[in-house]
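Data first, discussion second: the structure below is written as structure tokens.
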Amino acid sequence: MIHPLDAVAAVGRGTIGVVRGTGAATLFGALGLSHLLRPPFYARMFLRAFVEFAYFSLPVVALTAVFSGMVIALQSFTGFSRFNADSAVAGVVALSVVRELAPVLAALLVSGRVGAAMAAELGTMRVTDQIDALGTLSTNPMKYLVAPRLLAGTVAVPLLVVVADILGIAGGFLVSTVKLGFSPHTYLVSTFDILTTTDVVVGLAKAAVFGFLIALMGCYHGYNSRGGAEGVGSATTSAVVSASILILAFDYVMTELFFAR
Amino acid sequence: MKNGAEPKIRIRGLRKAFGPKQVLDGVDLDVETGTSMVVIGGSGSGKSVLLKCILGLIEPDAGSIEINGHDVLQMDRQARERVNACVGMLFQQGALFDSLPVWENVAFGLLAQHKVARPEAKARAGEILAQVGLDPSVGELSPAELSGGMQKRVGLARAIAARPDILFFDEPTTGLDPIMGAVIDGLIVDCVKRLGSTAVAITHDMASATRIGDRAAMLYRGKLVWQGAASELLTTENPIVHQFTHGLRDGPIQMELRR
């Protein structure tokens, strides 16, 4: 028979688990960062992770940015034209893309692509003793595996977002000028008038935070995976889910910090 | 080493539990310099845990582990890494880095610890591969392209690449056919002799134990219940060792089977 307090106990266990996991992941991230400040540095590992983050994610991020910009232009035109506010379309596209869509969508896509792969790779290394083998070769696994990935994520995602910003605005420009009849010159002037340096910089800062979180969750769940193939699968899922939630939560926090009036 | 009579590895009162299960329950073990010690025991008897405690991969609950007279459990991470620089390890499944080609696996310690230039490290890797009976061209392959026996040889090559003082072998012949097992054992004995290293191997393969070991010990229920010359493994009258080495169903060792 189920005791009424069992539900309370389950909530308590869940809460303790979340708090413990948050603490462990935070310490893991801090330890990883501390290794970035102390030699030796593994440039090859950084480059490898950077290419994985930036180069191989570029096509999917670019396509998503273009289509997002196009959709925002169409949707905002549909709404604004009812109030004779068509001229706001360029500004809405620019602000939506630069402040929100480019960093968040790029981060979510990279999380699904690179974060998952990272968790699977490190998880497999854990369950096949490769991480232990690093230790026996006098190589600190945190320094060799984790620190370069944290740095690569933090550097690469903002670069992806620069591309996504440009392509997202270009997508909106394309739809607005070809389909909706906007003047190209007016559209571009409106775009550059409304965008401020703060919009771009905060968008890129968000991307850097998201990139760090993706790498942290991928490394943390992979590094601590247990129990063979099932454990690796579960680490991969946890890495993507936790990174996605953290991206959205930190997006809100940073938006509140920098843009809320 | 503080004096000539001191063992290379001295373990005293080593204890480790996982939850309620006491895996190591006061292990005492000495491994003399230049000898090969084989630790035998059934599956789940704590052999791998013992090895991982010595290597610093698992932190024991109590006890001491001295290498060259220094308690490695009291060392900070840097000092521990310096000790590990004198150690080579052959893992049960090879544990080769599958993101690196074979030669880079072999030369990993040379590149990481000894800062050898990559062209020189690659040439050295080829020489070491030849020592374990592999063609240097194997160095260009990925570990996934190798058979189990070849992966073991590459694992052995990686373990000996930095000419370590101490070599550890975790079930070196598991998963290999008897002939390949004998080949790997032969390579291990050759490498240990050539390097003049001290070796510790864990296994439950009796043929391998007698081929590799000078000394042997049996781990049962977290304790070393017998120690002696490896040549006595099959002849000792210790009932636990006798049952284990002869694969007898009846005896003091009761398998934990669910009925």
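Labeling convention for the structure tokens: chains A, B, ... as they appear, residues from 1 per chain, ligands from 1 in order of appearance.
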
Discussion item. If the cut-off is 8 Å, can you tell me the residues of chain B near chain A, counting only C-alpha atoms? I'd like them as a VMD selection string.
Written reply: chain B and resid 55 57 81 to 82 84 to 85 87 to 89 91 93 95 to 97 108 to 109 112 to 113

Notebook entry, point to check: Any idea what's packed within 9 Å of His246 in chain B, counting only C-alpha atoms, ignoring anything in its chain fewer than 5 positions away? Could you give it as a PyMOL selection string?
Noted result: chain B and resi 206+234+241

Output of the above residues as a short mmCIF file (atom, residue, chain, number, x, y, z; two decimals), in the first residue's frame, restricted to N, CA and C atoms:
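What follows is the written file result_8.cif:
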```cif
data_model
loop_
_atom_site.label_atom_id
_atom_site.label_comp_id
_atom_site.auth_asym_id
_atom_site.auth_seq_id
_atom_site.Cartn_x
_atom_site.Cartn_y
_atom_site.Cartn_z
N MET B 206 44.63 -19.23 -14.87
CA MET B 206 45.73 -19.90 -14.16
C MET B 206 46.97 -20.08 -15.03
N LEU B 234 49.37 -24.27 -8.34
CA LEU B 234 48.58 -25.45 -8.66
C LEU B 234 48.82 -26.61 -7.70
N VAL B 241 42.60 -21.86 -2.45
CA VAL B 241 43.39 -21.76 -3.69
C VAL B 241 43.21 -23.03 -4.52
#
```

(request) Return the single residue from A:Ala235, A:Ala24, A:Val18, A:Val162 that is closest to Ala116 in chain A, with distances computed using only C-alpha atoms. (result)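 Once distances to Ala116 in chain A are computed over only C-alpha atoms, the minimum belongs to A:Ala235.
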
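Near Ala79 in chain B, within 12 Å and counting only C-alpha atoms, sit Ser138 of chain A; Gly56, Ile67, His70, Asp71, Val72, Leu73, Ala85 and Cys86 of chain B, not including residues fewer than 6 positions from it in the same chain.
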
* Asked: Which of range 85-206 of chain B counts as strand (DSSP E or B) under DSSP, as a list in words please?
  ->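 For range 85-206 of chain B, the strand (DSSP E or B) set is Val87, Gly88, Met89, Leu90, Ile166, Leu167, Phe168, Phe169, Asp170, Thr198, Ala199, Val200, Ala201, Ile202 and Thr203 of chain B.
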
* So which residues touch Trp226 in chain B within 8 Å, counting only C-alpha atoms, skipping near sequence neighbours fewer than 3 positions away, as a PyMOL selection string? -> chain B and resi 217-219+238+241
